[in-house]
file target-v6.txt (compact mmCIF, C-alpha atoms)
# COMPACT_ATOMS: atom_id res chain seq x y z
CA MET Y 1028 127.60 79.63 111.93
CA ASP Y 1029 125.09 77.74 114.08
CA GLY Y 1030 121.32 77.47 113.93
CA ALA Y 1031 120.83 80.18 116.57
CA ALA Y 1032 122.73 82.73 114.46
CA ALA Y 1033 120.69 81.83 111.38
CA LEU Y 1034 117.47 82.12 113.38
CA GLU Y 1035 118.53 85.57 114.59
CA LYS Y 1036 118.91 86.71 110.98
CA LEU Y 1037 115.43 85.38 110.20
CA VAL Y 1038 113.61 87.23 112.99
CA PRO Y 1039 112.12 89.77 110.49
CA VAL Y 1040 110.81 86.86 108.42
CA LEU Y 1041 109.16 85.31 111.46
CA ALA Y 1042 107.72 88.70 112.48
CA ALA Y 1043 106.06 89.34 109.09
CA PHE Y 1044 104.64 85.84 108.89
CA GLY Y 1045 103.57 85.80 112.54
CA GLY Y 1046 101.82 89.15 112.15
CA GLY Y 1047 99.69 87.72 109.36
CA VAL Y 1048 98.82 84.65 111.41
CA LEU Y 1049 97.92 86.71 114.48
CA LEU Y 1050 95.76 89.23 112.61
CA ALA Y 1051 93.91 86.47 110.75
CA ARG Y 1052 93.37 84.47 113.95
CA ARG Y 1053 91.96 87.52 115.72
CA LYS Y 1054 89.94 88.36 112.58
CA VAL Y 1055 91.41 91.87 112.46
CA VAL Y 1056 92.28 91.25 108.79
CA PRO Y 1057 90.21 88.63 106.93
CA ALA Y 1058 92.16 85.62 105.72
CA GLU Y 1059 90.60 86.10 102.27
CA ALA Y 1060 92.64 89.29 101.92
CA SER Y 1061 95.75 87.14 101.48
CA LYS Y 1062 94.92 86.88 97.75
CA ALA Y 1063 95.19 90.65 97.30
CA PHE Y 1064 98.50 90.81 99.17
CA ALA Y 1065 99.85 87.86 97.17
CA ASP Y 1066 98.85 89.53 93.88
CA TYR Y 1067 100.62 92.73 94.93
CA ALA Y 1068 103.80 90.78 95.65
CA PHE Y 1069 103.63 88.69 92.46
CA LEU Y 1070 102.66 91.48 90.04
CA PHE Y 1071 104.54 94.46 91.45
CA ALA Y 1072 106.84 94.15 94.47
CA VAL Y 1073 108.85 91.06 93.47
CA PRO Y 1074 109.43 92.34 89.89
CA CYS Y 1075 110.70 95.65 91.32
CA TYR Y 1076 113.03 93.79 93.68
CA LEU Y 1077 114.43 91.65 90.86
CA PHE Y 1078 114.85 94.53 88.43
CA GLY Y 1079 116.86 96.71 90.77
CA ASN Y 1080 119.11 93.98 92.11
CA ILE Y 1081 119.88 92.32 88.78
CA TYR Y 1082 120.49 95.61 86.99
CA ALA Y 1083 122.98 96.70 89.66
CA SER Y 1084 124.89 93.39 89.65
CA ASP Y 1085 128.15 92.61 87.84
CA LEU Y 1086 126.80 89.78 85.67
CA GLY Y 1087 130.24 88.79 84.39
CA ALA Y 1088 131.59 88.24 87.89
CA LEU Y 1089 128.55 86.25 88.98
CA PHE Y 1090 128.66 83.40 86.47
CA ASP Y 1091 130.93 80.38 86.84
CA TRP Y 1092 129.57 78.45 83.86
CA ARG Y 1093 130.76 75.05 85.07
CA ALA Y 1094 129.02 75.61 88.40
CA ILE Y 1095 125.82 76.93 86.81
CA GLY Y 1096 125.85 74.09 84.28
CA GLY Y 1097 126.18 71.56 87.10
CA TYR Y 1098 123.34 73.13 89.05
CA THR Y 1099 121.15 73.20 85.93
CA ALA Y 1100 121.84 69.50 85.31
CA ALA Y 1101 121.02 68.65 88.93
CA ALA Y 1102 117.79 70.65 88.73
CA ALA Y 1103 116.80 68.95 85.45
CA LEU Y 1104 117.40 65.52 86.99
CA ALA Y 1105 115.37 66.54 90.06
CA VAL Y 1106 112.50 67.71 87.83
CA ALA Y 1107 112.45 64.34 86.05
CA VAL Y 1108 112.38 62.49 89.38
CA LEU Y 1109 109.54 64.64 90.71
CA VAL Y 1110 107.44 64.31 87.55
CA CYS Y 1111 107.79 60.52 87.63
CA ALA Y 1112 107.10 60.36 91.37
CA SER Y 1113 104.04 62.64 91.12
CA THR Y 1114 102.61 60.58 88.27
CA ALA Y 1115 103.21 57.35 90.19
CA TYR Y 1116 101.50 58.91 93.22
CA GLY Y 1117 98.42 59.59 91.09
CA VAL Y 1118 98.91 63.31 90.44
CA ARG Y 1119 98.38 63.74 86.69
CA GLU Y 1120 96.89 67.21 86.20
CA PRO Y 1121 99.72 69.27 84.62
CA ARG Y 1122 99.28 72.31 86.88
CA ALA Y 1123 99.34 70.12 90.01
CA VAL Y 1124 102.51 68.36 88.79
CA ALA Y 1125 104.15 71.70 87.97
CA LEU Y 1126 103.36 72.96 91.46
CA ARG Y 1127 105.04 69.93 93.03
CA VAL Y 1128 108.08 70.30 90.79
CA MET Y 1129 108.36 73.93 91.89
CA ALA Y 1130 108.06 72.87 95.53
CA GLY Y 1131 110.87 70.34 95.22
CA VAL Y 1132 113.34 72.17 92.97
CA GLN Y 1133 112.96 75.93 93.38
CA VAL Y 1134 114.53 77.51 96.44
CA ASN Y 1135 113.73 80.42 98.71
CA THR Y 1136 116.39 82.88 97.58
CA ALA Y 1137 115.25 86.38 98.50
CA TYR Y 1138 113.61 85.62 101.84
CA PHE Y 1139 115.83 82.85 103.25
CA ALA Y 1140 119.07 82.37 101.32
CA VAL Y 1141 120.09 86.03 101.30
CA PRO Y 1142 120.36 86.49 105.09
CA VAL Y 1143 122.08 83.11 105.44
CA PHE Y 1144 124.65 83.88 102.73
CA ILE Y 1145 125.36 87.35 104.05
CA THR Y 1146 125.99 85.85 107.49
CA VAL Y 1147 128.13 82.95 106.30
CA PHE Y 1148 129.98 84.34 103.27
CA GLY Y 1149 129.58 88.10 103.70
CA THR Y 1150 127.80 88.41 100.35
CA ALA Y 1151 124.63 87.19 98.64
CA ALA Y 1152 126.08 87.59 95.14
CA PRO Y 1153 126.42 83.81 94.43
CA ILE Y 1154 122.65 83.50 94.75
CA PHE Y 1155 121.80 85.67 91.74
CA PRO Y 1156 122.79 83.21 88.95
CA VAL Y 1157 120.49 80.62 90.51
CA LEU Y 1158 117.81 83.27 90.95
CA LEU Y 1159 118.06 84.13 87.24
CA PHE Y 1160 117.86 80.45 86.31
CA GLN Y 1161 114.77 80.03 88.47
CA VAL Y 1162 112.97 83.09 87.14
CA CYS Y 1163 113.96 82.88 83.47
CA VAL Y 1164 113.72 79.09 83.05
CA LEU Y 1165 111.91 77.22 85.83
CA SER Y 1166 109.34 79.91 86.62
CA LEU Y 1167 108.76 80.54 82.92
CA VAL Y 1168 107.88 76.88 82.36
CA VAL Y 1169 105.66 76.76 85.45
CA ILE Y 1170 103.84 79.96 84.48
CA ALA Y 1171 103.27 78.65 80.95
CA ILE Y 1172 101.73 75.45 82.32
CA MET Y 1173 99.62 77.39 84.81
CA GLU Y 1174 98.38 79.81 82.16
CA LEU Y 1175 97.64 76.96 79.75
CA GLY Y 1176 95.45 75.26 82.32
CA ARG Y 1177 93.84 78.42 83.64
CA ALA Y 1178 90.04 78.81 83.55
CA GLY Y 1179 89.05 80.39 80.24
CA ALA Y 1180 92.18 79.19 78.45
CA GLY Y 1181 90.42 76.28 76.76
CA ALA Y 1182 89.09 78.09 73.65
CA GLY Y 1183 90.87 77.48 70.34
CA SER Y 1184 93.25 74.80 69.06
CA PRO Y 1185 96.05 73.37 71.22
CA GLY Y 1186 98.55 75.46 69.25
CA GLN Y 1187 96.61 78.64 69.89
CA ARG Y 1188 96.24 77.82 73.58
CA LEU Y 1189 99.97 77.11 73.88
CA ARG Y 1190 100.82 80.34 72.08
CA ARG Y 1191 98.55 82.33 74.38
CA ALA Y 1192 100.05 80.60 77.42
CA LEU Y 1193 103.64 81.30 76.34
CA THR Y 1194 102.76 84.90 75.51
CA ALA Y 1195 101.12 85.33 78.91
CA SER Y 1196 104.12 83.80 80.68
CA LEU Y 1197 106.65 85.90 78.76
CA THR Y 1198 104.71 89.08 79.52
CA THR Y 1199 104.32 88.31 83.22
CA PRO Y 1200 105.82 91.19 85.25
CA LEU Y 1201 108.17 88.75 87.00
CA VAL Y 1202 109.76 87.61 83.72
CA LEU Y 1203 109.67 91.05 82.08
CA ALA Y 1204 111.48 92.64 85.02
CA CYS Y 1205 114.27 90.05 84.95
CA ASN Y 1206 114.79 90.16 81.20
CA ALA Y 1207 114.71 93.98 81.14
CA ALA Y 1208 117.30 94.19 83.92
CA ILE Y 1209 119.62 91.71 82.17
CA LEU Y 1210 119.32 93.53 78.84
CA LEU Y 1211 119.87 97.00 80.29
CA ASN Y 1212 122.80 95.68 82.32
CA LEU Y 1213 124.46 94.02 79.31
CA VAL Y 1214 124.12 97.02 76.98
CA SER Y 1215 125.11 99.45 79.76
CA VAL Y 1216 122.00 101.60 79.49
CA HIS Y 1217 121.89 104.21 82.23
CA VAL Y 1218 118.76 103.92 84.33
CA PRO Y 1219 118.03 107.12 86.29
CA ARG Y 1220 118.74 106.89 90.00
CA VAL Y 1221 115.18 107.97 90.79
CA VAL Y 1222 113.87 104.90 88.94
CA LEU Y 1223 116.22 102.54 90.79
CA ASP Y 1224 115.35 104.17 94.12
CA GLY Y 1225 111.66 103.73 93.36
CA ALA Y 1226 112.17 100.08 92.43
CA ALA Y 1227 114.16 99.52 95.63
CA PHE Y 1228 111.48 101.22 97.72
CA VAL Y 1229 108.74 98.98 96.32
CA GLY Y 1230 110.98 95.91 96.13
CA ASP Y 1231 111.79 96.13 99.83
CA SER Y 1232 108.13 95.38 100.51
CA ALA Y 1233 108.16 92.12 98.52
CA SER Y 1234 109.45 89.92 101.32
CA PRO Y 1235 107.24 91.17 104.19
CA VAL Y 1236 104.10 91.38 102.04
CA ALA Y 1237 104.50 87.86 100.65
CA LEU Y 1238 105.17 86.50 104.14
CA PHE Y 1239 102.26 88.48 105.57
CA ALA Y 1240 99.98 87.03 102.86
CA LEU Y 1241 101.17 83.55 103.73
CA GLY Y 1242 100.57 84.22 107.43
CA LEU Y 1243 97.06 85.50 106.73
CA HIS Y 1244 96.23 82.39 104.74
CA LEU Y 1245 97.57 79.99 107.32
CA GLY Y 1246 96.03 82.01 110.15
CA GLY Y 1247 92.64 81.40 108.62
CA LEU Y 1248 93.42 77.83 107.65
CA GLY Y 1249 95.45 76.64 110.64
CA LEU Y 1250 98.57 74.49 110.40
CA ASP Y 1251 98.43 70.97 111.80
CA VAL Y 1252 101.88 69.46 112.15
CA ARG Y 1253 100.46 66.12 113.21
CA GLY Y 1254 98.29 66.10 110.12
CA THR Y 1255 101.24 66.30 107.74
CA THR Y 1256 100.53 63.95 104.84
CA ARG Y 1257 102.92 61.42 103.36
CA GLU Y 1258 103.10 63.51 100.20
CA GLU Y 1259 104.12 66.58 102.20
CA LEU Y 1260 106.76 64.58 104.06
CA ALA Y 1261 108.10 63.21 100.77
CA LEU Y 1262 108.28 66.66 99.16
CA ILE Y 1263 109.91 68.23 102.22
CA GLY Y 1264 112.41 65.38 102.41
CA PHE Y 1265 113.24 65.73 98.73
CA LYS Y 1266 113.65 69.51 98.98
CA CYS Y 1267 115.69 69.61 102.19
CA LEU Y 1268 117.76 66.43 101.83
CA ALA Y 1269 117.63 64.74 98.43
CA PHE Y 1270 118.01 67.83 96.24
CA PRO Y 1271 121.11 69.23 98.00
CA LEU Y 1272 122.70 65.76 97.99
CA LEU Y 1273 121.88 65.40 94.30
CA THR Y 1274 123.39 68.83 93.64
CA TRP Y 1275 126.52 67.83 95.53
CA ALA Y 1276 126.89 64.64 93.50
CA VAL Y 1277 126.17 66.14 90.07
CA CYS Y 1278 128.18 69.36 90.54
CA GLY Y 1279 131.08 67.80 92.44
CA VAL Y 1280 131.46 64.47 90.64
CA ALA Y 1281 130.05 64.96 87.15
CA PHE Y 1282 131.05 68.61 86.61
CA GLY Y 1283 134.13 68.82 88.82
CA VAL Y 1284 133.00 71.88 90.75
CA ARG Y 1285 135.22 72.45 93.79
CA GLY Y 1286 135.82 74.90 96.60
CA GLU Y 1287 133.52 77.81 97.33
CA TRP Y 1288 131.20 77.31 94.39
CA LEU Y 1289 130.39 73.74 95.43
CA ALA Y 1290 129.60 75.00 98.93
CA TYR Y 1291 127.46 77.79 97.47
CA LEU Y 1292 125.43 75.48 95.26
CA VAL Y 1293 124.81 72.80 97.89
CA LEU Y 1294 123.74 75.38 100.45
CA ILE Y 1295 121.46 77.10 97.92
CA ALA Y 1296 119.84 73.77 97.06
CA ALA Y 1297 119.27 73.15 100.77
CA MET Y 1298 117.18 76.31 101.10
CA PRO Y 1299 113.44 75.77 101.63
CA THR Y 1300 110.56 75.96 99.19
CA PRO Y 1301 110.03 79.60 98.13
CA GLN Y 1302 107.15 81.86 99.10
CA ASN Y 1303 106.52 82.23 95.38
CA LEU Y 1304 105.03 78.74 95.43
CA PHE Y 1305 102.24 80.06 97.62
CA ILE Y 1306 101.91 83.20 95.45
CA PHE Y 1307 101.62 81.09 92.27
CA ALA Y 1308 99.13 78.76 93.94
CA GLN Y 1309 97.01 81.71 95.08
CA ARG Y 1310 97.09 83.38 91.68
CA TYR Y 1311 96.23 80.26 89.68
CA ASP Y 1312 93.98 78.64 92.31
CA VAL Y 1313 95.74 75.28 92.49
CA GLY Y 1314 97.06 73.49 95.58
CA VAL Y 1315 96.86 76.57 97.81
CA ASP Y 1316 96.67 74.69 101.12
CA LEU Y 1317 99.42 72.25 100.11
CA SER Y 1318 101.73 75.05 98.98
CA ALA Y 1319 101.21 77.07 102.17
CA SER Y 1320 101.99 74.03 104.30
CA LEU Y 1321 105.10 73.14 102.29
CA VAL Y 1322 106.54 76.67 102.47
CA ILE Y 1323 106.31 76.83 106.25
CA LYS Y 1324 107.27 73.25 107.09
CA SER Y 1325 110.22 73.16 104.67
CA SER Y 1326 111.43 76.46 106.16
CA VAL Y 1327 111.47 74.97 109.66
CA VAL Y 1328 113.27 71.82 108.50
CA SER Y 1329 115.82 73.81 106.47
CA LEU Y 1330 116.53 76.06 109.41
CA LEU Y 1331 117.24 73.05 111.62
CA LEU Y 1332 119.53 71.52 108.97
CA ILE Y 1333 121.57 74.66 108.21
CA PRO Y 1334 124.32 73.82 110.77
CA VAL Y 1335 124.60 70.29 109.34
CA TRP Y 1336 124.97 71.52 105.74
CA LEU Y 1337 127.46 74.21 106.74
CA GLN Y 1338 129.63 71.68 108.49
CA THR Y 1339 129.30 69.24 105.57
CA VAL Y 1340 130.22 71.67 102.78
CA ALA Y 1341 133.09 73.10 104.83
CA SER Y 1342 134.70 69.70 105.34

call {"tool": "encode", "arguments": {"input": "target-v6.txt", "output": "structure tokens"}}
result
Amino acid sequence: MDGAAALEKLVPVLAAFGGGVLLARRKVVPAEASKAFADYAFLFAVPCYLFGNIYASDLGALFDWRAIGGYTAAAALAVAVLVCASTAYGVREPRAVALRVMAGVQVNTAYFAVPVFITVFGTAAPIFPVLLFQVCVLSLVVIAIMELGRAGAGAGSPGQRLRRALTASLTTPLVLACNAAILLNLVSVHVPRVVLDGAAFVGDSASPVALFALGLHLGGLGLDVRGTTREELALIGFKCLAFPLLTWAVCGVAFGVRGEWLAYLVLIAAMPTPQNLFIFAQRYDVGVDLSASLVIKSSVVSLLLIPVWLQTVAS
């Protein structure tokens, strides 16, 4: 598959994002409304999407534990590198560091990887183990840090604050939806079709609404490619080049992953920074402009590099 074919699959993504930019530029919809759209996606639409898709999946067929273990190790190493690099760069506020870790390690699964995988492999199933890892581990840690540093979270002892933060993160709709779907799937509880249809109906709006919110924000803010900072360049380079190479080395050499699963994991790691970064930034009011810029610019770079990675992992 070449870049033109991948771009064709991403036309709906570009349309939703471009609509937000256009309406904000023309002041038809105020850019400030992006917060409401982002909250809808974070609190309702994305959880519905995750619940329906995870519940309907064959979890046993999706997990190659050597492959998932290799990817987890690569992600952990990448997190350590990003924390050290952020600290050396002068970023020391925990929420700001967590945001940069999310930008460099988490990947755009639902809105970018799915159409690419369906086109290349005929299925998006290999994405779901990584999606579960992101939501149930990486996102849980990021949410806990964000909640701990949130305005109004400072009352009480450090232990009480941490307990409140963990409770808030574990009861976030995003995490609840994933854990509920896994549990119901494992114990074979029948969920009525009407419930799954409702979740699918709402979940289908997650991608366009999140992209529309991002477009609204950037339409009001403006995106200056020439003004890209060194930090943005470093994070984009890490996400689009260093992380997939690190995944290749750790999974292929250290864990002995071969064949299709190695190709899956490298290509997943090469996906851009997720829209959820912007949603988290909006919700917790930290690094909103940086996150919006990283989502869009990493998406462009990843799109351009897709043919290179496909040729590399196929060789």

call {"tool": "closest_atom_pairs", "arguments": {"input": "target-v6.txt", "of": "stretch 1037-1142 of chain Y", "to": "stretch 1269-1293 of chain Y", "cutoff": "9 Å", "atoms": "all atoms listed in the file", "output": "CSV"}}
result
residue,atom,partner,partner_atom,distance
Y:Asp1091,CA,Y:Trp1288,CA,8.2
Y:Arg1093,CA,Y:Phe1282,CA,6.6
Y:Ala1094,CA,Y:Val1284,CA,5.9
Y:Ile1095,CA,Y:Leu1292,CA,8.6
Y:Gly1096,CA,Y:Phe1282,CA,7.9
Y:Gly1097,CA,Y:Cys1278,CA,4.5
Y:Tyr1098,CA,Y:Thr1274,CA,6.3
Y:Ala1100,CA,Y:Val1277,CA,7.3
Y:Ala1101,CA,Y:Thr1274,CA,5.3
Y:Ala1102,CA,Y:Thr1274,CA,7.7
Y:Leu1104,CA,Y:Leu1273,CA,8.6
Y:Ala1105,CA,Y:Phe1270,CA,6.8
Y:Gly1131,CA,Y:Phe1270,CA,7.6
Y:Val1132,CA,Y:Phe1270,CA,7.2

call {"tool": "write_last_selection", "arguments": {"input": "target-v6.txt", "atoms": "C-alpha atoms", "output": "mmCIF file, in the coordinates of the input"}}
result
data_model
loop_
_atom_site.group_PDB
_atom_site.id
_atom_site.type_symbol
_atom_site.label_atom_id
_atom_site.label_comp_id
_atom_site.auth_asym_id
_atom_site.auth_seq_id
_atom_site.Cartn_x
_atom_site.Cartn_y
_atom_site.Cartn_z
ATOM 1 C CA ASP Y 1091 130.930 80.380 86.840
ATOM 2 C CA ARG Y 1093 130.760 75.050 85.070
ATOM 3 C CA ALA Y 1094 129.020 75.610 88.400
ATOM 4 C CA ILE Y 1095 125.820 76.930 86.810
ATOM 5 C CA GLY Y 1096 125.850 74.090 84.280
ATOM 6 C CA GLY Y 1097 126.180 71.560 87.100
ATOM 7 C CA TYR Y 1098 123.340 73.130 89.050
ATOM 8 C CA ALA Y 1100 121.840 69.500 85.310
ATOM 9 C CA ALA Y 1101 121.020 68.650 88.930
ATOM 10 C CA ALA Y 1102 117.790 70.650 88.730
ATOM 11 C CA LEU Y 1104 117.400 65.520 86.990
ATOM 12 C CA ALA Y 1105 115.370 66.540 90.060
ATOM 13 C CA GLY Y 1131 110.870 70.340 95.220
ATOM 14 C CA VAL Y 1132 113.340 72.170 92.970
#

call {"tool": "closest_residue", "arguments": {"input": "target-v6.txt", "among": "Y:Val1162, Y:Leu1321, Y:Leu1241, Y:Leu1109", "to": "Y:Gln1309", "atoms": "all atoms listed in the file"}}
result
Y:Leu1241

call {"tool": "closest_residue", "arguments": {"input": "target-v6.txt", "among": "Y:Ala1151, Y:Ile1081, Y:Ala1319, Y:Met1129", "to": "Y:Lys1266", "atoms": "only C-alpha atoms"}}
result
Y:Met1129

call {"tool": "atom_distance", "arguments": {"input": "target-v6.txt", "atom1": "atom CA of Y:Ala1107", "atom2": "atom CA of Y:Ala1125"}}
result
11.3 Å

call {"tool": "closest_residue", "arguments": {"input": "target-v6.txt", "among": "Y:Val1056, Y:Ala1103, Y:Ala1152, Y:Ala1240", "to": "Y:Leu1089", "atoms": "all atoms listed in the file"}}
result
Y:Ala1152

call {"tool": "residues_around", "arguments": {"input": "target-v6.txt", "residues": "Y:Asn1206", "least_positions_apart": "2", "cutoff": "10 Å", "atoms": "only C-alpha atoms", "output": "ChimeraX atom specification"}}
result
/Y:1077-1078,1081-1082,1159,1162-1163,1197,1200-1204,1208-1212

call {"tool": "decode", "arguments": {"input": "target-v6.txt", "residues": "stretch 1191-1218 of chain Y", "atoms": "N, CA and C atoms", "output": "PDB file, in the first residue's frame"}}
result
ATOM      1  N   ARG Y1191      -7.681   9.865  46.311  1.00  0.00           N
ATOM      2  CA  ARG Y1191      -8.739  10.517  45.542  1.00  0.00           C
ATOM      3  C   ARG Y1191      -8.421  10.503  44.053  1.00  0.00           C
ATOM      4  N   ALA Y1192      -7.132  10.723  43.725  1.00  0.00           N
ATOM      5  CA  ALA Y1192      -6.740  10.739  42.314  1.00  0.00           C
ATOM      6  C   ALA Y1192      -6.914   9.372  41.678  1.00  0.00           C
ATOM      7  N   LEU Y1193      -6.490   8.305  42.385  1.00  0.00           N
ATOM      8  CA  LEU Y1193      -6.634   6.955  41.847  1.00  0.00           C
ATOM      9  C   LEU Y1193      -8.110   6.564  41.719  1.00  0.00           C
ATOM     10  N   THR Y1194      -8.904   6.961  42.720  1.00  0.00           N
ATOM     11  CA  THR Y1194     -10.335   6.676  42.658  1.00  0.00           C
ATOM     12  C   THR Y1194     -10.967   7.375  41.469  1.00  0.00           C
ATOM     13  N   ALA Y1195     -10.588   8.651  41.275  1.00  0.00           N
ATOM     14  CA  ALA Y1195     -11.135   9.413  40.149  1.00  0.00           C
ATOM     15  C   ALA Y1195     -10.723   8.797  38.822  1.00  0.00           C
ATOM     16  N   SER Y1196      -9.461   8.334  38.736  1.00  0.00           N
ATOM     17  CA  SER Y1196      -8.992   7.747  37.479  1.00  0.00           C
ATOM     18  C   SER Y1196      -9.666   6.410  37.205  1.00  0.00           C
ATOM     19  N   LEU Y1197      -9.856   5.597  38.257  1.00  0.00           N
ATOM     20  CA  LEU Y1197     -10.478   4.286  38.078  1.00  0.00           C
ATOM     21  C   LEU Y1197     -11.966   4.389  37.765  1.00  0.00           C
ATOM     22  N   THR Y1198     -12.581   5.497  38.153  1.00  0.00           N
ATOM     23  CA  THR Y1198     -14.007   5.684  37.888  1.00  0.00           C
ATOM     24  C   THR Y1198     -14.251   6.590  36.688  1.00  0.00           C
ATOM     25  N   THR Y1199     -13.204   6.910  35.941  1.00  0.00           N
ATOM     26  CA  THR Y1199     -13.371   7.657  34.704  1.00  0.00           C
ATOM     27  C   THR Y1199     -14.131   6.792  33.695  1.00  0.00           C
ATOM     28  N   PRO Y1200     -15.095   7.342  32.979  1.00  0.00           N
ATOM     29  CA  PRO Y1200     -15.868   6.539  32.020  1.00  0.00           C
ATOM     30  C   PRO Y1200     -15.010   5.739  31.053  1.00  0.00           C
ATOM     31  N   LEU Y1201     -13.871   6.308  30.627  1.00  0.00           N
ATOM     32  CA  LEU Y1201     -12.977   5.626  29.699  1.00  0.00           C
ATOM     33  C   LEU Y1201     -12.487   4.299  30.273  1.00  0.00           C
ATOM     34  N   VAL Y1202     -12.047   4.330  31.534  1.00  0.00           N
ATOM     35  CA  VAL Y1202     -11.506   3.134  32.186  1.00  0.00           C
ATOM     36  C   VAL Y1202     -12.635   2.176  32.562  1.00  0.00           C
ATOM     37  N   LEU Y1203     -13.735   2.707  33.073  1.00  0.00           N
ATOM     38  CA  LEU Y1203     -14.865   1.861  33.447  1.00  0.00           C
ATOM     39  C   LEU Y1203     -15.400   1.077  32.248  1.00  0.00           C
ATOM     40  N   ALA Y1204     -15.509   1.743  31.110  1.00  0.00           N
ATOM     41  CA  ALA Y1204     -16.044   1.088  29.915  1.00  0.00           C
ATOM     42  C   ALA Y1204     -15.152  -0.071  29.487  1.00  0.00           C
ATOM     43  N   CYS Y1205     -13.840   0.146  29.500  1.00  0.00           N
ATOM     44  CA  CYS Y1205     -12.903  -0.910  29.095  1.00  0.00           C
ATOM     45  C   CYS Y1205     -12.959  -2.093  30.062  1.00  0.00           C
ATOM     46  N   ASN Y1206     -12.878  -1.806  31.355  1.00  0.00           N
ATOM     47  CA  ASN Y1206     -12.881  -2.887  32.336  1.00  0.00           C
ATOM     48  C   ASN Y1206     -14.203  -3.651  32.330  1.00  0.00           C
ATOM     49  N   ALA Y1207     -15.319  -2.947  32.157  1.00  0.00           N
ATOM     50  CA  ALA Y1207     -16.620  -3.609  32.104  1.00  0.00           C
ATOM     51  C   ALA Y1207     -16.715  -4.523  30.892  1.00  0.00           C
ATOM     52  N   ALA Y1208     -16.221  -4.055  29.749  1.00  0.00           N
ATOM     53  CA  ALA Y1208     -16.275  -4.866  28.532  1.00  0.00           C
ATOM     54  C   ALA Y1208     -15.417  -6.120  28.666  1.00  0.00           C
ATOM     55  N   ILE Y1209     -14.224  -5.986  29.240  1.00  0.00           N
ATOM     56  CA  ILE Y1209     -13.344  -7.143  29.433  1.00  0.00           C
ATOM     57  C   ILE Y1209     -14.000  -8.161  30.366  1.00  0.00           C
ATOM     58  N   LEU Y1210     -14.546  -7.668  31.488  1.00  0.00           N
ATOM     59  CA  LEU Y1210     -15.168  -8.562  32.464  1.00  0.00           C
ATOM     60  C   LEU Y1210     -16.363  -9.290  31.869  1.00  0.00           C
ATOM     61  N   LEU Y1211     -17.247  -8.570  31.216  1.00  0.00           N
ATOM     62  CA  LEU Y1211     -18.440  -9.181  30.629  1.00  0.00           C
ATOM     63  C   LEU Y1211     -18.070 -10.164  29.520  1.00  0.00           C
ATOM     64  N   ASN Y1212     -17.003  -9.837  28.782  1.00  0.00           N
ATOM     65  CA  ASN Y1212     -16.522 -10.734  27.735  1.00  0.00           C
ATOM     66  C   ASN Y1212     -15.989 -12.029  28.346  1.00  0.00           C
ATOM     67  N   LEU Y1213     -15.177 -11.902  29.391  1.00  0.00           N
ATOM     68  CA  LEU Y1213     -14.527 -13.074  29.990  1.00  0.00           C
ATOM     69  C   LEU Y1213     -15.526 -14.012  30.656  1.00  0.00           C
ATOM     70  N   VAL Y1214     -16.545 -13.451  31.311  1.00  0.00           N
ATOM     71  CA  VAL Y1214     -17.511 -14.310  32.016  1.00  0.00           C
ATOM     72  C   VAL Y1214     -18.715 -14.642  31.139  1.00  0.00           C
ATOM     73  N   SER Y1215     -18.650 -14.237  29.873  1.00  0.00           N
ATOM     74  CA  SER Y1215     -19.681 -14.577  28.880  1.00  0.00           C
ATOM     75  C   SER Y1215     -21.084 -14.125  29.287  1.00  0.00           C
ATOM     76  N   VAL Y1216     -21.154 -12.920  29.827  1.00  0.00           N
ATOM     77  CA  VAL Y1216     -22.456 -12.343  30.164  1.00  0.00           C
ATOM     78  C   VAL Y1216     -23.090 -11.802  28.886  1.00  0.00           C
ATOM     79  N   HIS Y1217     -24.344 -12.153  28.669  1.00  0.00           N
ATOM     80  CA  HIS Y1217     -25.043 -11.681  27.477  1.00  0.00           C
ATOM     81  C   HIS Y1217     -25.491 -10.238  27.669  1.00  0.00           C
ATOM     82  N   VAL Y1218     -25.021  -9.378  26.807  1.00  0.00           N
ATOM     83  CA  VAL Y1218     -25.459  -7.980  26.798  1.00  0.00           C
ATOM     84  C   VAL Y1218     -26.507  -7.839  25.703  1.00  0.00           C
TER      85      VAL Y1218
END
